[in-house]
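Structure first, then comments.
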Amino acid sequence: MLTQPLLDKLGQLGLSGFRTALEEQLHSPQYAELSFEERLGLLLDVEVTRRNNDRLTRRIRAAQFSLQATLEDLDLSARRGLKRAEVLQLAHSEWVGRHLNLLVLGATGAGKSYLACALGRAACQAEYTVRYVRTSRLLQALELAHADGSYADLLNKLARIHLLIFDDWLRDPLSRTQARDLLEILDDRYGRRATMVVTQVPVVDWHSRIPDPTLGDAILDPLIHNAYRLELEGESMRKVCSPLAADRNR
C-alpha cells in the first residue's frame, strides 16, 4: 500500500497518534533496526497515550474548576496546618472510589479552593468524573430547573458524577426549598458517590444555617460522619501572593 493512502486511512479511523508516530518512523532511519512487532508496539503506545491524554483533558474541562491547580504547586508547609502524608494519600483518590466525603475547612483566603481543585484534578487523573460548583450558583440552577421542568434531569446528571465539589458550602443560610434540594442531591450520593465540601463556616455552625432541624440532620449527618477533614491555617494566601506584598515589605 502506498504511504499516503495508508496515512489517510489512519486519519479516517481517528488514529492521529498512530499516524503521527508512523510518519516519524518513516522519516527516521533509527527505527529500521527494530522488528515489526517492536515498531508496532511503539505506534500503539503513542496512540494509547494520546487517547488517555484526550480523555483526561475532557474530564478536566467538564469539571469546570475555578483554578488551574495542581498538587505539585501546593504549599504543604507546616504553617498551613496540613499533613503532607494525609494530603498525598487523598491525592491517590481511593476515597473517591470508596464513595467517601472530604471536608476542606479554613478561613477566607486560606487556599481552600486551590486545594480542592488540585485534589479534584488528581481525581480526574485517576479516571473519575468530577464537577466543581459554587453552592450559590448550583442553588440558582436548581431553582431555574424547578421552573422549566428540567429538575429531574439535573438531579440525574449530578448523581452520575463520581466526585461533586461544593465550594462556599453554606456561606449563606438556606431556604427550606434549597435545603430540600441539597438533601435530594446528597441522598443520591450517599454510599454511591463521593462529595467534597469547601467552606469557611465551622462545622459547628452548619446546623444553624438550615431552617429545619430535621432537614439539617438528614443533610449533615451522612456528610459529616462519612468524611475526611482538612483544615487550613495561616495567613491569607491572597495577601501572601499579592503582587503588592513586596511593596508592603519595603
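Going through the C-alpha cells in order, the chains are called A, B, and so on, while each chain numbers its residues from 1 and the ligands are numbered from 1 in the order shown.
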_To test your reading of the structure, identify every residue in region 170-204 of chain A that backbone DSSP assigns to helix (DSSP H, G or I), and report it as a ChimeraX atom specification._
/A:176-189,203-204
Let me see the file: selected residues, all heavy atoms, as a CSV table (one decimal), in the first residue's frame.
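Result saved to selection-v9.csv:
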```
chain,number,residue,atom,x,y,z
A,176,ARG,N,-36.0,26.7,53.0
A,176,ARG,CA,-36.4,25.3,53.1
A,176,ARG,C,-36.3,24.6,51.7
A,176,ARG,O,-35.9,23.4,51.6
A,176,ARG,CB,-37.9,25.3,53.6
A,176,ARG,CG,-38.0,25.6,55.1
A,176,ARG,CD,-39.4,25.6,55.5
A,176,ARG,NE,-39.5,26.0,56.9
A,176,ARG,CZ,-39.4,25.2,58.0
A,176,ARG,NH1,-39.1,23.9,57.8
A,176,ARG,NH2,-39.4,25.7,59.2
A,177,THR,N,-36.7,25.3,50.6
A,177,THR,CA,-36.6,24.7,49.3
A,177,THR,C,-35.2,24.3,49.0
A,177,THR,O,-34.9,23.3,48.5
A,177,THR,CB,-37.2,25.6,48.3
A,177,THR,OG1,-38.6,25.9,48.5
A,177,THR,CG2,-37.1,25.0,46.9
A,178,GLN,N,-34.2,25.3,49.3
A,178,GLN,CA,-32.8,25.0,49.0
A,178,GLN,C,-32.3,23.8,49.8
A,178,GLN,O,-31.6,23.0,49.3
A,178,GLN,CB,-32.0,26.2,49.3
A,178,GLN,CG,-32.2,27.4,48.3
A,178,GLN,CD,-31.6,28.7,48.7
A,178,GLN,OE1,-31.3,28.9,49.9
A,178,GLN,NE2,-31.2,29.5,47.7
A,179,ALA,N,-32.7,23.7,51.1
A,179,ALA,CA,-32.3,22.6,51.9
A,179,ALA,C,-32.8,21.3,51.4
A,179,ALA,O,-32.1,20.3,51.3
A,179,ALA,CB,-32.8,22.8,53.3
A,180,ARG,N,-34.1,21.3,50.9
A,180,ARG,CA,-34.6,20.1,50.3
A,180,ARG,C,-33.9,19.7,49.0
A,180,ARG,O,-33.7,18.5,48.8
A,180,ARG,CB,-36.1,20.2,50.1
A,180,ARG,CG,-37.0,20.2,51.3
A,180,ARG,CD,-38.5,20.0,51.0
A,180,ARG,NE,-39.0,21.2,50.4
A,180,ARG,CZ,-39.5,22.3,51.0
A,180,ARG,NH1,-39.7,22.2,52.3
A,180,ARG,NH2,-40.0,23.3,50.4
A,181,ASP,N,-33.5,20.7,48.2
A,181,ASP,CA,-32.8,20.4,47.0
A,181,ASP,C,-31.4,19.7,47.3
A,181,ASP,O,-31.0,18.8,46.7
A,181,ASP,CB,-32.6,21.7,46.2
A,181,ASP,CG,-33.8,22.1,45.5
A,181,ASP,OD1,-34.8,21.3,45.4
A,181,ASP,OD2,-33.9,23.3,45.1
A,182,LEU,N,-30.7,20.3,48.3
A,182,LEU,CA,-29.4,19.7,48.7
A,182,LEU,C,-29.6,18.3,49.2
A,182,LEU,O,-28.8,17.4,49.0
A,182,LEU,CB,-28.7,20.6,49.7
A,182,LEU,CG,-28.1,21.9,49.2
A,182,LEU,CD1,-27.5,22.7,50.3
A,182,LEU,CD2,-27.2,21.7,48.1
A,183,LEU,N,-30.7,18.1,50.0
A,183,LEU,CA,-30.9,16.8,50.5
A,183,LEU,C,-31.2,15.8,49.4
A,183,LEU,O,-30.7,14.6,49.4
A,183,LEU,CB,-32.2,16.8,51.4
A,183,LEU,CG,-32.6,15.4,52.0
A,183,LEU,CD1,-31.4,14.8,52.8
A,183,LEU,CD2,-33.8,15.6,52.9
A,184,GLU,N,-31.9,16.2,48.3
A,184,GLU,CA,-32.1,15.3,47.2
A,184,GLU,C,-30.8,14.9,46.6
A,184,GLU,O,-30.5,13.7,46.2
A,184,GLU,CB,-33.0,16.0,46.1
A,184,GLU,CG,-34.4,16.1,46.5
A,184,GLU,CD,-35.2,14.8,46.5
A,184,GLU,OE1,-34.7,13.9,45.9
A,184,GLU,OE2,-36.3,14.8,47.0
A,185,ILE,N,-29.9,15.9,46.4
A,185,ILE,CA,-28.6,15.6,45.8
A,185,ILE,C,-27.7,14.7,46.6
A,185,ILE,O,-27.2,13.7,46.1
A,185,ILE,CB,-27.8,16.9,45.5
A,185,ILE,CG1,-28.5,17.8,44.5
A,185,ILE,CG2,-26.4,16.7,45.1
A,185,ILE,CD1,-28.0,19.2,44.3
A,186,LEU,N,-27.7,15.0,47.9
A,186,LEU,CA,-26.8,14.2,48.8
A,186,LEU,C,-27.4,12.8,49.1
A,186,LEU,O,-26.6,11.8,49.3
A,186,LEU,CB,-26.6,15.0,50.1
A,186,LEU,CG,-25.8,16.2,49.9
A,186,LEU,CD1,-25.8,17.0,51.2
A,186,LEU,CD2,-24.4,16.0,49.4
A,187,ASP,N,-28.7,12.7,49.1
A,187,ASP,CA,-29.3,11.3,49.2
A,187,ASP,C,-28.9,10.4,48.1
A,187,ASP,O,-28.6,9.2,48.2
A,187,ASP,CB,-30.8,11.4,49.3
A,187,ASP,CG,-31.4,11.6,50.7
A,187,ASP,OD1,-30.6,11.4,51.7
A,187,ASP,OD2,-32.6,11.9,50.9
A,188,ASP,N,-28.9,11.0,46.8
A,188,ASP,CA,-28.5,10.3,45.7
A,188,ASP,C,-27.0,9.8,45.8
A,188,ASP,O,-26.6,8.8,45.2
A,188,ASP,CB,-28.7,11.1,44.4
A,188,ASP,CG,-30.1,11.2,44.0
A,188,ASP,OD1,-30.9,10.4,44.4
A,188,ASP,OD2,-30.4,12.1,43.2
A,189,ARG,N,-26.2,10.5,46.5
A,189,ARG,CA,-24.8,10.3,46.5
A,189,ARG,C,-24.3,9.4,47.6
A,189,ARG,O,-23.3,8.7,47.5
A,189,ARG,CB,-24.0,11.6,46.6
A,189,ARG,CG,-24.4,12.6,45.5
A,189,ARG,CD,-23.5,13.8,45.5
A,189,ARG,NE,-22.1,13.4,45.1
A,189,ARG,CZ,-21.8,13.1,43.9
A,189,ARG,NH1,-22.7,13.2,42.9
A,189,ARG,NH2,-20.6,12.8,43.6
A,203,VAL,N,-17.9,23.7,61.1
A,203,VAL,CA,-18.9,22.7,61.1
A,203,VAL,C,-19.9,22.8,62.2
A,203,VAL,O,-21.1,22.6,62.0
A,203,VAL,CB,-18.2,21.3,61.3
A,203,VAL,CG1,-19.2,20.2,61.4
A,203,VAL,CG2,-17.2,21.0,60.1
A,204,VAL,N,-19.5,23.4,63.3
A,204,VAL,CA,-20.5,23.5,64.4
A,204,VAL,C,-21.6,24.5,64.1
A,204,VAL,O,-22.6,24.6,64.8
A,204,VAL,CB,-19.8,24.0,65.7
A,204,VAL,CG1,-18.8,22.9,66.2
A,204,VAL,CG2,-19.0,25.3,65.5
```
Considering only C-alpha atoms, tabulate each residue of region 125-176 of chain A that lies at most 9 Å from region 205-216 of chain A along with its nearest interatomic pair and the corresponding distance in Å to one decimal; arrange the rows by chain and ascending residue number and present them as JSON lines.
```
{"residue": "A:Leu170", "atom": "CA", "partner": "A:Arg209", "partner_atom": "CA", "distance": 6.8}
{"residue": "A:Arg171", "atom": "CA", "partner": "A:Arg209", "partner_atom": "CA", "distance": 8.5}
{"residue": "A:Asp172", "atom": "CA", "partner": "A:Arg209", "partner_atom": "CA", "distance": 7.2}
{"residue": "A:Pro173", "atom": "CA", "partner": "A:Arg209", "partner_atom": "CA", "distance": 4.3}
{"residue": "A:Leu174", "atom": "CA", "partner": "A:Ile210", "partner_atom": "CA", "distance": 5.4}
{"residue": "A:Ser175", "atom": "CA", "partner": "A:Pro211", "partner_atom": "CA", "distance": 6.6}
{"residue": "A:Arg176", "atom": "CA", "partner": "A:Pro211", "partner_atom": "CA", "distance": 6.2}
```
I need the residues from that last selection saved to file as a CSV table (one decimal), in the first residue's frame (with C-alpha atoms), if you can.
```
chain,number,residue,atom,x,y,z
A,170,LEU,CA,-23.4,27.1,53.5
A,171,ARG,CA,-21.8,30.5,53.1
A,172,ASP,CA,-25.4,31.8,53.2
A,173,PRO,CA,-28.3,30.4,55.2
A,174,LEU,CA,-30.6,28.2,53.2
A,175,SER,CA,-34.3,28.4,52.5
A,176,ARG,CA,-36.4,25.3,53.1
```
Within 12 Å of region 108-115 of chain A, which residues of region 159-238 of chain A show up? Give each one with its shortest atom-to-atom distance in Å (one decimal) and the two atoms involved, counting only C-alpha atoms, rows by chain then rising residue number, as JSON lines.
```
{"residue": "A:Ile165", "atom": "CA", "partner": "A:Ser113", "partner_atom": "CA", "distance": 9.8}
{"residue": "A:Phe166", "atom": "CA", "partner": "A:Ser113", "partner_atom": "CA", "distance": 9.9}
{"residue": "A:Asp167", "atom": "CA", "partner": "A:Ser113", "partner_atom": "CA", "distance": 7.0}
{"residue": "A:Asp168", "atom": "CA", "partner": "A:Ser113", "partner_atom": "CA", "distance": 8.8}
{"residue": "A:Trp169", "atom": "CA", "partner": "A:Ser113", "partner_atom": "CA", "distance": 11.3}
{"residue": "A:Arg171", "atom": "CA", "partner": "A:Thr108", "partner_atom": "CA", "distance": 11.0}
{"residue": "A:Met196", "atom": "CA", "partner": "A:Ser113", "partner_atom": "CA", "distance": 11.0}
{"residue": "A:Val197", "atom": "CA", "partner": "A:Lys112", "partner_atom": "CA", "distance": 9.9}
{"residue": "A:Val198", "atom": "CA", "partner": "A:Lys112", "partner_atom": "CA", "distance": 6.5}
{"residue": "A:Thr199", "atom": "CA", "partner": "A:Lys112", "partner_atom": "CA", "distance": 7.6}
{"residue": "A:Gln200", "atom": "CA", "partner": "A:Thr108", "partner_atom": "CA", "distance": 6.0}
{"residue": "A:Val201", "atom": "CA", "partner": "A:Thr108", "partner_atom": "CA", "distance": 9.4}
{"residue": "A:Pro202", "atom": "CA", "partner": "A:Thr108", "partner_atom": "CA", "distance": 11.7}
{"residue": "A:Arg229", "atom": "CA", "partner": "A:Lys112", "partner_atom": "CA", "distance": 11.8}
{"residue": "A:Leu230", "atom": "CA", "partner": "A:Lys112", "partner_atom": "CA", "distance": 9.1}
{"residue": "A:Glu231", "atom": "CA", "partner": "A:Lys112", "partner_atom": "CA", "distance": 8.5}
{"residue": "A:Leu232", "atom": "CA", "partner": "A:Ala110", "partner_atom": "CA", "distance": 6.1}
{"residue": "A:Glu233", "atom": "CA", "partner": "A:Ala110", "partner_atom": "CA", "distance": 6.5}
{"residue": "A:Gly234", "atom": "CA", "partner": "A:Ala110", "partner_atom": "CA", "distance": 6.8}
{"residue": "A:Glu235", "atom": "CA", "partner": "A:Ala110", "partner_atom": "CA", "distance": 6.7}
{"residue": "A:Ser236", "atom": "CA", "partner": "A:Gly109", "partner_atom": "CA", "distance": 4.5}
{"residue": "A:Met237", "atom": "CA", "partner": "A:Gly109", "partner_atom": "CA", "distance": 5.5}
{"residue": "A:Arg238", "atom": "CA", "partner": "A:Gly109", "partner_atom": "CA", "distance": 5.7}
```
*Closest of A:Ala123, A:Leu7, A:Leu220, A:Leu139 to Glu24 (chain A) - atom-to-atom distances counting only C-alpha atoms*: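 Closest to Glu24 (chain A), using only C-alpha atoms: A:Leu7.
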*Which neighbours of Ala91 (chain A) fall inside 9 Å, counting only C-alpha atoms, when residues of the same chain fewer than 4 positions from it are skipped, and could you give them as number ranges by chain?*
A: 71, 86-87, 118-123
Could you save those same residues with C-alpha atoms as an mmCIF file, in the first residue's frame?
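Output saved as part.cif:
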```
data_model
loop_
_atom_site.group_PDB
_atom_site.id
_atom_site.type_symbol
_atom_site.label_atom_id
_atom_site.label_comp_id
_atom_site.auth_asym_id
_atom_site.auth_seq_id
_atom_site.Cartn_x
_atom_site.Cartn_y
_atom_site.Cartn_z
ATOM 1 C CA LEU A 71 -0.691 19.018 43.537
ATOM 2 C CA GLU A 86 -2.519 12.833 54.527
ATOM 3 C CA VAL A 87 -2.866 15.151 51.522
ATOM 4 C CA ALA A 118 -5.873 20.246 42.965
ATOM 5 C CA LEU A 119 -7.465 17.191 44.588
ATOM 6 C CA GLY A 120 -10.263 17.303 42.019
ATOM 7 C CA ARG A 121 -7.721 17.309 39.215
ATOM 8 C CA ALA A 122 -6.000 14.317 40.835
ATOM 9 C CA ALA A 123 -9.356 12.507 40.769
#
```
Close residues, Phe36 (chain A) itself excluded, 12 Å, only C-alpha atoms, min 6 positions apart in chain, as a tab-separated table (two decimals) with N, CA and C atoms, in the first residue's frame:
```tsv
chain	number	residue	atom	x	y	z
A	25	GLN	N	8.44	7.44	12.20
A	25	GLN	CA	9.22	6.23	11.91
A	25	GLN	C	9.69	6.20	10.45
A	42	LEU	N	5.48	0.40	19.54
A	42	LEU	CA	5.74	1.82	19.76
A	42	LEU	C	4.60	2.68	19.22
A	43	LEU	N	4.09	2.31	18.05
A	43	LEU	CA	2.98	3.06	17.45
A	43	LEU	C	1.73	2.98	18.33
```
*When distances are computed from only C-alpha atoms, which of A:Val96, A:Ala107, A:Ala63, A:Ala159 shows the smallest separation from Val130 (chain A)?*
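Checking each candidate against Val130 (chain A), we get A:Ala63 as the closest.
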